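One file, upload-v9.cif, carrying mmCIF, C-alpha atoms and all ligand atoms:
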```cif
data_upload
loop_
_atom_site.group_PDB
_atom_site.id
_atom_site.type_symbol
_atom_site.label_atom_id
_atom_site.label_comp_id
_atom_site.auth_asym_id
_atom_site.auth_seq_id
_atom_site.Cartn_x
_atom_site.Cartn_y
_atom_site.Cartn_z
ATOM 1 C CA MET A 19 16.935 -52.770 45.845
ATOM 2 C CA SER A 20 14.567 -49.897 46.505
ATOM 3 C CA LYS A 21 14.974 -46.781 44.426
ATOM 4 C CA ILE A 22 15.061 -44.696 47.606
ATOM 5 C CA ILE A 23 18.680 -44.364 48.680
ATOM 6 C CA ASP A 24 18.768 -45.092 52.387
ATOM 7 C CA GLY A 25 21.516 -42.860 53.757
ATOM 8 C CA LYS A 26 20.453 -43.512 57.320
ATOM 9 C CA GLU A 27 20.931 -47.282 56.954
ATOM 10 C CA ILE A 28 24.281 -46.953 55.171
ATOM 11 C CA SER A 29 25.545 -44.452 57.736
ATOM 12 C CA LEU A 30 24.609 -46.867 60.528
ATOM 13 C CA SER A 31 26.652 -49.669 59.026
ATOM 14 C CA ILE A 32 29.624 -47.315 58.524
ATOM 15 C CA LYS A 33 29.388 -46.204 62.169
ATOM 16 C CA GLU A 34 29.174 -49.816 63.335
ATOM 17 C CA GLU A 35 32.392 -50.587 61.458
ATOM 18 C CA LEU A 36 34.086 -47.495 62.936
ATOM 19 C CA LYS A 37 33.032 -48.568 66.425
ATOM 20 C CA LYS A 38 34.582 -51.993 65.909
ATOM 21 C CA GLN A 39 37.857 -50.353 64.891
ATOM 22 C CA ILE A 40 37.781 -47.899 67.822
ATOM 23 C CA ASP A 41 37.089 -50.682 70.340
ATOM 24 C CA LYS A 42 40.465 -52.181 69.417
ATOM 25 C CA LEU A 43 42.461 -48.952 69.947
ATOM 26 C CA PRO A 44 44.547 -48.225 73.055
ATOM 27 C CA SER A 45 42.940 -44.768 73.429
ATOM 28 C CA LYS A 46 39.865 -42.966 72.178
ATOM 29 C CA PRO A 47 40.124 -40.701 69.112
ATOM 30 C CA VAL A 48 39.190 -37.147 70.087
ATOM 31 C CA LEU A 49 37.001 -34.828 68.040
ATOM 32 C CA VAL A 50 36.759 -31.140 68.989
ATOM 33 C CA VAL A 51 34.035 -28.773 67.856
ATOM 34 C CA ILE A 52 34.626 -25.067 68.342
ATOM 35 C CA GLN A 53 31.523 -22.937 68.541
ATOM 36 C CA VAL A 54 31.434 -19.154 68.656
ATOM 37 C CA GLY A 55 28.189 -17.530 69.756
ATOM 38 C CA ASN A 56 24.899 -19.321 69.973
ATOM 39 C CA ASN A 57 23.467 -20.035 66.519
ATOM 40 C CA GLU A 58 20.378 -22.185 66.996
ATOM 41 C CA ALA A 59 20.951 -24.490 63.997
ATOM 42 C CA SER A 60 24.590 -24.935 65.093
ATOM 43 C CA ASN A 61 23.421 -26.089 68.527
ATOM 44 C CA VAL A 62 21.385 -28.860 66.864
ATOM 45 C CA TYR A 63 24.239 -29.908 64.533
ATOM 46 C CA ILE A 64 26.729 -30.004 67.420
ATOM 47 C CA LYS A 65 24.381 -32.052 69.563
ATOM 48 C CA ASN A 66 23.969 -34.582 66.728
ATOM 49 C CA LYS A 67 27.726 -34.854 66.254
ATOM 50 C CA LYS A 68 28.207 -35.356 69.967
ATOM 51 C CA ILE A 69 25.659 -38.194 70.106
ATOM 52 C CA ALA A 70 27.138 -39.846 67.008
ATOM 53 C CA ALA A 71 30.691 -39.631 68.364
ATOM 54 C CA SER A 72 29.861 -41.017 71.784
ATOM 55 C CA ASN A 73 27.802 -43.850 70.245
ATOM 56 C CA ILE A 74 30.928 -45.192 68.557
ATOM 57 C CA GLY A 75 33.256 -44.658 71.522
ATOM 58 C CA MET A 76 34.883 -41.470 70.284
ATOM 59 C CA GLU A 77 35.615 -38.645 72.690
ATOM 60 C CA PHE A 78 33.833 -35.403 71.879
ATOM 61 C CA LYS A 79 34.873 -31.970 73.137
ATOM 62 C CA HIS A 80 32.675 -28.961 72.642
ATOM 63 C CA ILE A 81 34.570 -25.711 73.142
ATOM 64 C CA HIS A 82 32.242 -22.755 73.305
ATOM 65 C CA PHE A 83 33.388 -19.140 73.019
ATOM 66 C CA ASP A 84 31.547 -15.909 73.571
ATOM 67 C CA GLU A 85 30.660 -14.230 70.267
ATOM 68 C CA ARG A 86 32.889 -11.254 71.140
ATOM 69 C CA ILE A 87 36.067 -13.352 70.824
ATOM 70 C CA THR A 88 38.601 -11.749 68.448
ATOM 71 C CA GLU A 89 40.159 -13.448 65.436
ATOM 72 C CA ASN A 90 43.576 -13.548 67.132
ATOM 73 C CA GLU A 91 42.186 -15.043 70.324
ATOM 74 C CA LEU A 92 40.388 -17.720 68.325
ATOM 75 C CA LYS A 93 43.514 -18.503 66.293
ATOM 76 C CA GLU A 94 45.467 -18.851 69.537
ATOM 77 C CA GLN A 95 42.951 -21.422 70.774
ATOM 78 C CA ILE A 96 43.098 -23.339 67.485
ATOM 79 C CA ASN A 97 46.886 -23.325 67.702
ATOM 80 C CA LYS A 98 46.750 -24.980 71.099
ATOM 81 C CA LEU A 99 44.525 -27.722 69.692
ATOM 82 C CA ASN A 100 46.798 -28.102 66.643
ATOM 83 C CA ASN A 101 49.726 -28.747 68.970
ATOM 84 C CA ASP A 102 47.901 -31.107 71.295
ATOM 85 C CA ASN A 103 48.785 -34.691 70.331
ATOM 86 C CA ASN A 104 45.635 -35.986 71.983
ATOM 87 C CA ILE A 105 43.352 -34.090 69.621
ATOM 88 C CA ASN A 106 42.677 -35.792 66.293
ATOM 89 C CA GLY A 107 39.973 -33.737 64.625
ATOM 90 C CA ILE A 108 39.044 -30.053 64.785
ATOM 91 C CA ILE A 109 35.901 -28.447 63.409
ATOM 92 C CA VAL A 110 35.001 -24.791 63.551
ATOM 93 C CA GLN A 111 31.223 -24.786 63.444
ATOM 94 C CA LEU A 112 29.968 -22.385 60.777
ATOM 95 C CA PRO A 113 28.552 -19.802 60.449
ATOM 96 C CA LEU A 114 30.852 -17.622 62.543
ATOM 97 C CA PRO A 115 29.781 -14.141 63.704
ATOM 98 C CA ASN A 116 30.332 -11.484 61.017
ATOM 99 C CA HIS A 117 33.430 -9.900 62.590
ATOM 100 C CA LEU A 118 35.360 -13.156 62.153
ATOM 101 C CA ASN A 119 36.773 -14.137 58.763
ATOM 102 C CA SER A 120 35.764 -17.800 58.354
ATOM 103 C CA LYS A 121 38.332 -18.516 55.653
ATOM 104 C CA ASN A 122 41.220 -17.179 57.774
ATOM 105 C CA ILE A 123 40.056 -19.080 60.821
ATOM 106 C CA ILE A 124 39.516 -22.388 58.992
ATOM 107 C CA ASN A 125 42.932 -22.099 57.346
ATOM 108 C CA TYR A 126 44.474 -21.926 60.795
ATOM 109 C CA ILE A 127 43.499 -25.556 61.476
ATOM 110 C CA ASP A 128 46.295 -28.101 61.003
ATOM 111 C CA PRO A 129 45.367 -29.681 57.608
ATOM 112 C CA ASN A 130 45.852 -33.171 59.084
ATOM 113 C CA LYS A 131 43.243 -32.378 61.755
ATOM 114 C CA ASP A 132 40.953 -30.576 59.303
ATOM 115 C CA ILE A 133 38.358 -33.350 59.280
ATOM 116 C CA ASP A 134 35.922 -31.108 57.396
ATOM 117 C CA GLY A 135 38.445 -30.877 54.532
ATOM 118 C CA LEU A 136 37.921 -27.146 54.214
ATOM 119 C CA THR A 137 41.422 -25.697 54.485
ATOM 120 C CA ASP A 138 42.951 -24.348 51.273
ATOM 121 C CA ILE A 139 45.630 -27.036 51.570
ATOM 122 C CA ASN A 140 43.119 -29.872 51.580
ATOM 123 C CA LEU A 141 40.984 -28.309 48.850
ATOM 124 C CA GLY A 142 44.133 -27.832 46.715
ATOM 125 C CA LYS A 143 45.253 -31.410 47.301
ATOM 126 C CA LEU A 144 41.821 -32.677 46.330
ATOM 127 C CA MET A 145 42.049 -30.711 43.094
ATOM 128 C CA SER A 146 45.462 -32.140 42.237
ATOM 129 C CA GLY A 147 44.443 -35.681 43.167
ATOM 130 C CA SER A 148 46.679 -36.020 46.260
ATOM 131 C CA GLU A 149 45.702 -37.944 49.380
ATOM 132 C CA CYS A 150 43.996 -35.535 51.812
ATOM 133 C CA MET A 151 41.136 -34.941 54.218
ATOM 134 C CA THR A 152 38.062 -34.501 52.056
ATOM 135 C CA SER A 153 34.987 -32.494 52.845
ATOM 136 C CA CYS A 154 32.395 -34.691 54.579
ATOM 137 C CA THR A 155 29.195 -33.991 52.653
ATOM 138 C CA PRO A 156 30.638 -34.550 49.154
ATOM 139 C CA THR A 157 32.504 -37.602 50.451
ATOM 140 C CA GLY A 158 29.195 -38.884 51.833
ATOM 141 C CA VAL A 159 27.523 -38.287 48.459
ATOM 142 C CA MET A 160 30.248 -40.268 46.691
ATOM 143 C CA GLN A 161 29.918 -43.065 49.220
ATOM 144 C CA LEU A 162 26.154 -43.305 48.632
ATOM 145 C CA ILE A 163 26.707 -43.511 44.870
ATOM 146 C CA LYS A 164 29.267 -46.267 45.429
ATOM 147 C CA GLU A 165 27.074 -48.238 47.849
ATOM 148 C CA TYR A 166 24.293 -48.345 45.261
ATOM 149 C CA ASN A 167 26.730 -49.467 42.522
ATOM 150 C CA ILE A 168 25.852 -46.464 40.396
ATOM 151 C CA ASP A 169 28.447 -46.326 37.667
ATOM 152 C CA LEU A 170 29.880 -42.857 37.050
ATOM 153 C CA GLY A 171 32.129 -43.661 34.092
ATOM 154 C CA GLY A 172 31.160 -41.472 31.149
ATOM 155 C CA LYS A 173 27.939 -40.395 32.865
ATOM 156 C CA HIS A 174 26.815 -36.791 32.712
ATOM 157 C CA VAL A 175 26.597 -35.457 36.267
ATOM 158 C CA VAL A 176 25.027 -32.045 36.715
ATOM 159 C CA ILE A 177 25.727 -30.298 40.020
ATOM 160 C CA VAL A 178 23.452 -27.461 41.099
ATOM 161 C CA GLY A 179 25.388 -25.235 43.549
ATOM 162 C CA ARG A 180 29.082 -24.279 43.539
ATOM 163 C CA SER A 181 29.969 -23.837 47.218
ATOM 164 C CA ASN A 182 33.389 -24.726 48.648
ATOM 165 C CA LEU A 183 31.565 -27.027 51.040
ATOM 166 C CA VAL A 184 29.689 -29.157 48.523
ATOM 167 C CA GLY A 185 29.650 -28.282 44.813
ATOM 168 C CA LYS A 186 33.330 -27.547 44.197
ATOM 169 C CA PRO A 187 34.833 -30.590 45.969
ATOM 170 C CA LEU A 188 32.320 -32.777 44.135
ATOM 171 C CA ILE A 189 33.625 -31.611 40.754
ATOM 172 C CA HIS A 190 37.008 -33.205 41.445
ATOM 173 C CA MET A 191 35.675 -36.318 43.126
ATOM 174 C CA LEU A 192 33.374 -36.981 40.169
ATOM 175 C CA LEU A 193 36.054 -36.269 37.562
ATOM 176 C CA ASP A 194 38.281 -38.771 39.348
ATOM 177 C CA GLU A 195 35.573 -41.358 38.732
ATOM 178 C CA ASP A 196 35.449 -40.500 35.006
ATOM 179 C CA ALA A 197 32.142 -38.633 35.054
ATOM 180 C CA THR A 198 31.485 -35.717 32.728
ATOM 181 C CA VAL A 199 30.634 -32.847 35.054
ATOM 182 C CA THR A 200 28.554 -29.719 34.534
ATOM 183 C CA VAL A 201 28.255 -27.175 37.347
ATOM 184 C CA THR A 202 25.347 -24.777 37.572
ATOM 185 C CA HIS A 203 24.676 -21.994 40.079
ATOM 186 C CA SER A 204 22.575 -18.938 40.887
ATOM 187 C CA LYS A 205 23.716 -17.067 37.769
ATOM 188 C CA THR A 206 23.145 -19.990 35.408
ATOM 189 C CA LYS A 207 20.672 -19.085 32.679
ATOM 190 C CA ASP A 208 17.983 -21.621 31.814
ATOM 191 C CA LEU A 209 18.814 -24.074 34.633
ATOM 192 C CA ILE A 210 16.294 -26.604 33.351
ATOM 193 C CA SER A 211 18.175 -27.034 30.055
ATOM 194 C CA PHE A 212 21.096 -28.417 32.126
ATOM 195 C CA THR A 213 19.227 -30.423 34.758
ATOM 196 C CA LYS A 214 17.265 -32.214 32.007
ATOM 197 C CA GLN A 215 20.493 -33.560 30.541
ATOM 198 C CA ALA A 216 21.677 -35.107 33.805
ATOM 199 C CA ASP A 217 22.140 -38.860 34.166
ATOM 200 C CA ILE A 218 22.906 -37.981 37.760
ATOM 201 C CA LEU A 219 21.687 -34.732 39.293
ATOM 202 C CA ILE A 220 23.241 -33.487 42.551
ATOM 203 C CA VAL A 221 21.510 -30.516 44.128
ATOM 204 C CA ALA A 222 23.070 -28.396 46.900
ATOM 205 C CA VAL A 223 21.377 -25.016 46.907
ATOM 206 C CA GLY A 224 19.211 -24.427 49.976
ATOM 207 C CA LYS A 225 15.891 -23.698 48.223
ATOM 208 C CA LYS A 226 12.901 -25.864 49.073
ATOM 209 C CA HIS A 227 11.684 -27.924 46.105
ATOM 210 C CA LEU A 228 13.733 -26.029 43.509
ATOM 211 C CA ILE A 229 13.854 -29.184 41.379
ATOM 212 C CA THR A 230 10.566 -30.506 40.031
ATOM 213 C CA ASN A 231 9.447 -33.366 37.789
ATOM 214 C CA ASN A 232 9.683 -31.397 34.533
ATOM 215 C CA MET A 233 13.344 -30.556 35.242
ATOM 216 C CA ILE A 234 14.708 -34.096 35.238
ATOM 217 C CA LYS A 235 15.291 -36.818 32.696
ATOM 218 C CA GLU A 236 13.426 -40.141 32.894
ATOM 219 C CA GLY A 237 15.548 -42.591 34.908
ATOM 220 C CA ALA A 238 17.925 -39.992 36.362
ATOM 221 C CA VAL A 239 19.654 -40.526 39.712
ATOM 222 C CA ILE A 240 18.785 -37.670 42.064
ATOM 223 C CA ILE A 241 20.969 -36.752 45.026
ATOM 224 C CA ASP A 242 19.467 -34.032 47.212
ATOM 225 C CA VAL A 243 21.916 -32.346 49.580
ATOM 226 C CA GLY A 244 19.611 -29.475 50.523
ATOM 227 C CA ILE A 245 18.299 -28.985 54.043
ATOM 228 C CA ASN A 246 15.583 -26.368 54.387
ATOM 229 C CA ARG A 247 13.976 -25.923 57.803
ATOM 230 C CA ILE A 248 10.554 -24.358 57.483
ATOM 231 C CA ASP A 249 8.117 -24.170 60.423
ATOM 232 C CA GLY A 250 9.907 -27.003 62.222
ATOM 233 C CA LYS A 251 9.871 -29.315 59.176
ATOM 234 C CA ILE A 252 12.795 -30.279 56.978
ATOM 235 C CA TYR A 253 12.554 -30.135 53.191
ATOM 236 C CA GLY A 254 15.037 -30.932 50.456
ATOM 237 C CA ASP A 255 15.912 -28.914 47.369
ATOM 238 C CA VAL A 256 14.100 -31.540 45.318
ATOM 239 C CA ASP A 257 10.328 -32.007 45.340
ATOM 240 C CA PHE A 258 10.682 -35.677 46.335
ATOM 241 C CA GLU A 259 7.097 -36.886 45.860
ATOM 242 C CA ASN A 260 6.847 -35.059 42.557
ATOM 243 C CA VAL A 261 9.972 -36.614 40.969
ATOM 244 C CA LEU A 262 9.920 -40.046 42.681
ATOM 245 C CA ASN A 263 8.298 -41.902 39.762
ATOM 246 C CA LYS A 264 10.613 -40.462 37.165
ATOM 247 C CA ALA A 265 13.899 -41.081 39.013
ATOM 248 C CA SER A 266 15.767 -44.396 39.015
ATOM 249 C CA TYR A 267 17.309 -43.629 42.412
ATOM 250 C CA ILE A 268 16.688 -40.754 44.779
ATOM 251 C CA THR A 269 17.830 -39.628 48.222
ATOM 252 C CA PRO A 270 15.119 -38.547 50.657
ATOM 253 C CA VAL A 271 15.443 -35.530 52.967
ATOM 254 C CA PRO A 272 15.902 -36.247 55.823
ATOM 255 C CA LYS A 273 17.647 -39.661 55.999
ATOM 256 C CA GLY A 274 19.561 -39.270 52.761
ATOM 257 C CA VAL A 275 22.808 -37.318 52.532
ATOM 258 C CA GLY A 276 22.574 -35.765 56.032
ATOM 259 C CA PRO A 277 23.443 -38.858 58.100
ATOM 260 C CA MET A 278 26.346 -39.609 55.736
ATOM 261 C CA THR A 279 27.956 -36.241 56.509
ATOM 262 C CA VAL A 280 28.244 -37.096 60.203
ATOM 263 C CA ALA A 281 29.490 -40.628 59.441
ATOM 264 C CA MET A 282 32.242 -39.195 57.197
ATOM 265 C CA LEU A 283 33.233 -36.724 59.905
ATOM 266 C CA LEU A 284 33.766 -39.588 62.337
ATOM 267 C CA LYS A 285 35.606 -41.575 59.673
ATOM 268 C CA ASN A 286 37.977 -38.651 59.033
ATOM 269 C CA THR A 287 38.639 -38.284 62.768
ATOM 270 C CA LEU A 288 39.650 -41.939 62.948
ATOM 271 C CA LYS A 289 41.777 -41.477 59.832
ATOM 272 C CA SER A 290 43.611 -38.619 61.576
ATOM 273 C CA TYR A 291 44.065 -40.811 64.672
ATOM 274 C CA TYR A 292 45.657 -43.514 62.515
ATOM 275 C CA MET A 293 47.948 -40.957 60.829
ATOM 276 C CA MET A 294 48.997 -39.350 64.124
ATOM 277 C CA ASN A 295 49.722 -42.719 65.691
ATOM 278 C CA LYS A 296 51.372 -43.996 62.526
ATOM 279 C CA ILE A 297 48.937 -46.882 62.200
ATOM 280 C CA ASN A 298 48.774 -47.961 58.601
ATOM 281 C CA LYS A 299 45.093 -48.311 57.921
ATOM 282 C CA LYS A 300 42.694 -46.856 55.365
HETATM 283 P P1 LIG A 401 25.723 -22.104 49.835
HETATM 284 O O1 LIG A 401 24.715 -21.076 50.165
HETATM 285 O O2 LIG A 401 27.131 -21.912 50.210
HETATM 286 O O3 LIG A 401 25.678 -22.378 48.272
HETATM 287 C C1 LIG A 401 24.479 -22.478 47.572
HETATM 288 C C2 LIG A 401 24.764 -22.590 46.083
HETATM 289 O O4 LIG A 401 23.525 -22.636 45.398
HETATM 290 C C3 LIG A 401 25.539 -21.410 45.520
HETATM 291 O O5 LIG A 401 26.625 -21.899 44.775
HETATM 292 C C4 LIG A 401 24.539 -20.695 44.615
HETATM 293 O O6 LIG A 401 25.157 -20.172 43.444
HETATM 294 C C5 LIG A 401 23.578 -21.805 44.251
HETATM 295 N N1 LIG A 401 22.225 -21.318 43.979
HETATM 296 C C6 LIG A 401 21.478 -20.454 44.724
HETATM 297 N N2 LIG A 401 20.278 -20.258 44.135
HETATM 298 C C7 LIG A 401 20.263 -20.993 43.018
HETATM 299 C C8 LIG A 401 19.309 -21.207 41.990
HETATM 300 N N3 LIG A 401 18.129 -20.623 42.025
HETATM 301 N N4 LIG A 401 19.649 -22.032 40.974
HETATM 302 C C9 LIG A 401 20.854 -22.651 40.936
HETATM 303 N N5 LIG A 401 21.787 -22.494 41.888
HETATM 304 C C10 LIG A 401 21.498 -21.677 42.903
HETATM 305 O O7 LIG A 401 25.142 -23.458 50.440
HETATM 306 P P2 LIG A 401 25.860 -24.851 50.825
HETATM 307 O O8 LIG A 401 26.607 -24.684 52.070
HETATM 308 O O9 LIG A 401 26.524 -25.428 49.607
HETATM 309 O O10 LIG A 401 24.554 -25.705 51.145
HETATM 310 C C11 LIG A 401 23.567 -25.953 50.163
HETATM 311 C C12 LIG A 401 22.422 -26.712 50.797
HETATM 312 O O11 LIG A 401 22.909 -27.959 51.272
HETATM 313 C C13 LIG A 401 21.804 -26.035 52.029
HETATM 314 O O12 LIG A 401 20.439 -26.351 52.069
HETATM 315 C C14 LIG A 401 22.512 -26.697 53.201
HETATM 316 O O13 LIG A 401 21.738 -26.680 54.373
HETATM 317 C C15 LIG A 401 22.662 -28.083 52.663
HETATM 318 N N6 LIG A 401 23.758 -28.836 53.258
HETATM 319 C C16 LIG A 401 23.466 -30.083 53.683
HETATM 320 C C17 LIG A 401 24.454 -30.863 54.217
HETATM 321 C C18 LIG A 401 24.103 -32.245 54.630
HETATM 322 O O14 LIG A 401 24.773 -32.820 55.478
HETATM 323 N N7 LIG A 401 23.069 -32.840 54.045
HETATM 324 C C19 LIG A 401 25.743 -30.368 54.365
HETATM 325 C C20 LIG A 401 26.030 -29.092 53.873
HETATM 326 C C21 LIG A 401 25.023 -28.330 53.311
#
```

Encoded form (structure tokens):
Amino acid sequence: MSKIIDGKEISLSIKEELKKQIDKLPSKPVLVVIQVGNNEASNVYIKNKKIAASNIGMEFKHIHFDERITENELKEQINKLNNDNNINGIIVQLPLPNHLNSKNIINYIDPNKDIDGLTDINLGKLMSGSECMTSCTPTGVMQLIKEYNIDLGGKHVVIVGRSNLVGKPLIHMLLDEDATVTVTHSKTKDLISFTKQADILIVAVGKKHLITNNMIKEGAVIIDVGINRIDGKIYGDVDFENVLNKASYITPVPKGVGPMTVAMLLKNTLKSYYMMNKINKK
């Protein structure tokens, strides 16, 4: 097996399996993305989700609001979707315009339809080890680790970045797999002293090539979540070429974690469909 973790390939086989399951259903699962305003990066992400959903036979609805929409108006719209039995998954595309409180808005989504796993209820359930919708990117990271048979038991995993979207959910997912977890962030002093100890290093910061060869241990597994768009090119948080020889496994950017995020989003939508239709399937 190559040391380059092929997220694109794995995501394709997951999507193929989802398509097979959807083909057997009496109706199509429905995924809704709510967009407010016209953020350029959001337009790209939404387009990618739309293509991925329609490729596996899932219905995709893109609801677009003017950026002047108020918090109450937006909540009212989310409420309608919460109560619509034909809708299985709801995403509010972030970032929202500044006058809207993202946390309040996200928490308005029915936790069973919160396929991004970002409501306080789902984050709390994840922490206490209860069954829940889990955030797509960390779930995708865990899936990659599993697909490559990388054992987490007793391993020292160092996470760089502590966001609700990536770093924090990962803490609990990794602890559940018996890893020893260290979390570092922007206020961590002497970052290198931590990254050098990592058997597995997971980086989710948003700074091009923050992690270089001298910061990792020989044979470490490197998972790069970062996406940095600079002059039309995409870079990871890890200097891939620079650390490639030293790592035992490494995710590229693009084609590493990114495609897994979308695959997990589709998987969660199908999971919600099964729950709503009381079909007992994992
Ligand atoms: P965020 O801005 O919410 O969090 C960034 C984290 O990095 C913070 O916890 C901060 O403390 C930490 N940080 C900042 N500078 C640091 C430094 N110098 N040293 C150590 N830690 C530092 O970002 P996020 O939403 O968690 O996203 C992180 C990156 O992952 C971004 O590049 C984003 O585009 C990418 N991302 C990718 C996917 C995917 O599908 N591959 C999904 C989500 C996010």

Report task. Give the residues close to ligand LIG 401 (chain A), within 10 Å, counting all atoms listed in the file; write them as a PyMOL selection string. Result -> chain A and resi 59+63+112-113+153-156+158-159+177-186+201-210+221-226+228-229+242-247+252-255+271-282

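Note that the spacing between atom CA of A:Gln215 and atom CA of A:Ala238 amounts to 9.0 Å.
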
Query raised in the report: So what do you get for atom CA of A:Ile32 versus atom CA of A:Leu162, distance-wise?
Result: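 Atom CA of A:Leu162 lies at a distance of 11.2 Å from atom CA of A:Ile32.
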
**Report entry** Closest of A:Pro270, A:Gly142, A:Gly107, A:Gly75 to A:Leu283 - atom-to-atom distances counting all atoms listed in the file
**Finding:**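 Of A:Pro270, A:Gly142, A:Gly107, A:Gly75, the one nearest A:Leu283, counting all atoms listed in the file, is A:Gly107.
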
Requested in this report: Find the residues near A:Ile163: any atom within 12 Å, counting all atoms listed in the file, skip ones fewer than 3 places away on the same chain, and give them as a VMD selection string.
Outcome: chain A and resid 23 to 25 28 156 to 160 166 to 170 175 191 to 192 195 218 to 220 239 to 241 267 to 269 274 to 275 278

Report summary line: From atom CA of A:Glu91 to atom CA of A:Phe78 the spacing works out at 22.1 Å

Report task. Might you spell out which residues the PyMOL selection byres (((chain A and resi 127) around 10) and not hetatm) would select in the displayed file, as an NGL selection string? Result -> :A and (93 or 96-97 or 99-100 or 107-110 or 122-126 or 128-133 or 136-137)

Requested in this report: For each of A:Ile64, A:Glu94, A:Leu49, A:Asn106, take the minimum atom-to-atom distance to A:His82, counting all atoms listed in the file, then give the residue where this is smallest.
Outcome: A:Ile64

Report task. For each of A:Asn263, A:Val176, A:Glu27, A:Leu188, take the minimum atom-to-atom distance to A:Phe212, counting all atoms listed in the file, then give the residue where this is smallest. Result ->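 Using all atoms listed in the file, A:Phe212 sits closest to A:Val176.
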
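For the choices A:Gly147, A:Asp134, A:Val48, A:Asp249, the atom-to-atom distance to A:Asp102 is smallest for A:Val48 when using only C-alpha atoms.
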
Requested in this report: Apply the PyMOL selection byres (((chain A and resi 144) around 10) and not hetatm) to the displayed file and report the matching residues as a count of residues only.
Outcome: 22

Draw an axis-aligned box tight on the listed atoms of stretch 81-84 of chain A, then pad every side by 5 Å and write out centre and edge lengths in Å to one decimal as AutoDock Vina command-line options.
```
--center_x 33.1 --center_y -20.8 --center_z 73.3 --size_x 13.0 --size_y 19.8 --size_z 10.6
```

Requested in this report: Identify, on the basis of all atoms listed in the file, every residue whose closest approach to A:Lys173 does not exceed 7 Å; exclude the query and any residue fewer than 5 positions from it along the same chain; express the result as a list in words.
Outcome: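 With the cut-off at 7 Å, the set is Ala197, Thr198 and Asp217 of chain A.
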
**Report entry** Nearest to A:Asn90, chosen from A:Ile234, A:Met293, A:Leu118, A:Leu36, with only C-alpha atoms counted in the distances
**Finding:**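 So, comparing all the options, the nearest one is A:Leu118.
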
**Report entry** For A:Pro44: contacts at 12 Å, only C-alpha atoms, fewer than 2 positions along chain excluded, given as a VMD selection string
**Finding:** chain A and resid 39 to 42 46 to 47 75 291 to 292 295 297

Written selection (C-alpha atoms) as a PDB file, keeping the file's coordinate frame:
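Generated output (selection-v2.pdb):
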```pdb
ATOM      1  CA  GLN A  39      37.857 -50.353  64.891  1.00  0.00           C
ATOM      2  CA  ILE A  40      37.781 -47.899  67.822  1.00  0.00           C
ATOM      3  CA  ASP A  41      37.089 -50.682  70.340  1.00  0.00           C
ATOM      4  CA  LYS A  42      40.465 -52.181  69.417  1.00  0.00           C
ATOM      5  CA  LYS A  46      39.865 -42.966  72.178  1.00  0.00           C
ATOM      6  CA  PRO A  47      40.124 -40.701  69.112  1.00  0.00           C
ATOM      7  CA  GLY A  75      33.256 -44.658  71.522  1.00  0.00           C
ATOM      8  CA  TYR A 291      44.065 -40.811  64.672  1.00  0.00           C
ATOM      9  CA  TYR A 292      45.657 -43.514  62.515  1.00  0.00           C
ATOM     10  CA  ASN A 295      49.722 -42.719  65.691  1.00  0.00           C
ATOM     11  CA  ILE A 297      48.937 -46.882  62.200  1.00  0.00           C
TER      12      ILE A 297
END
```
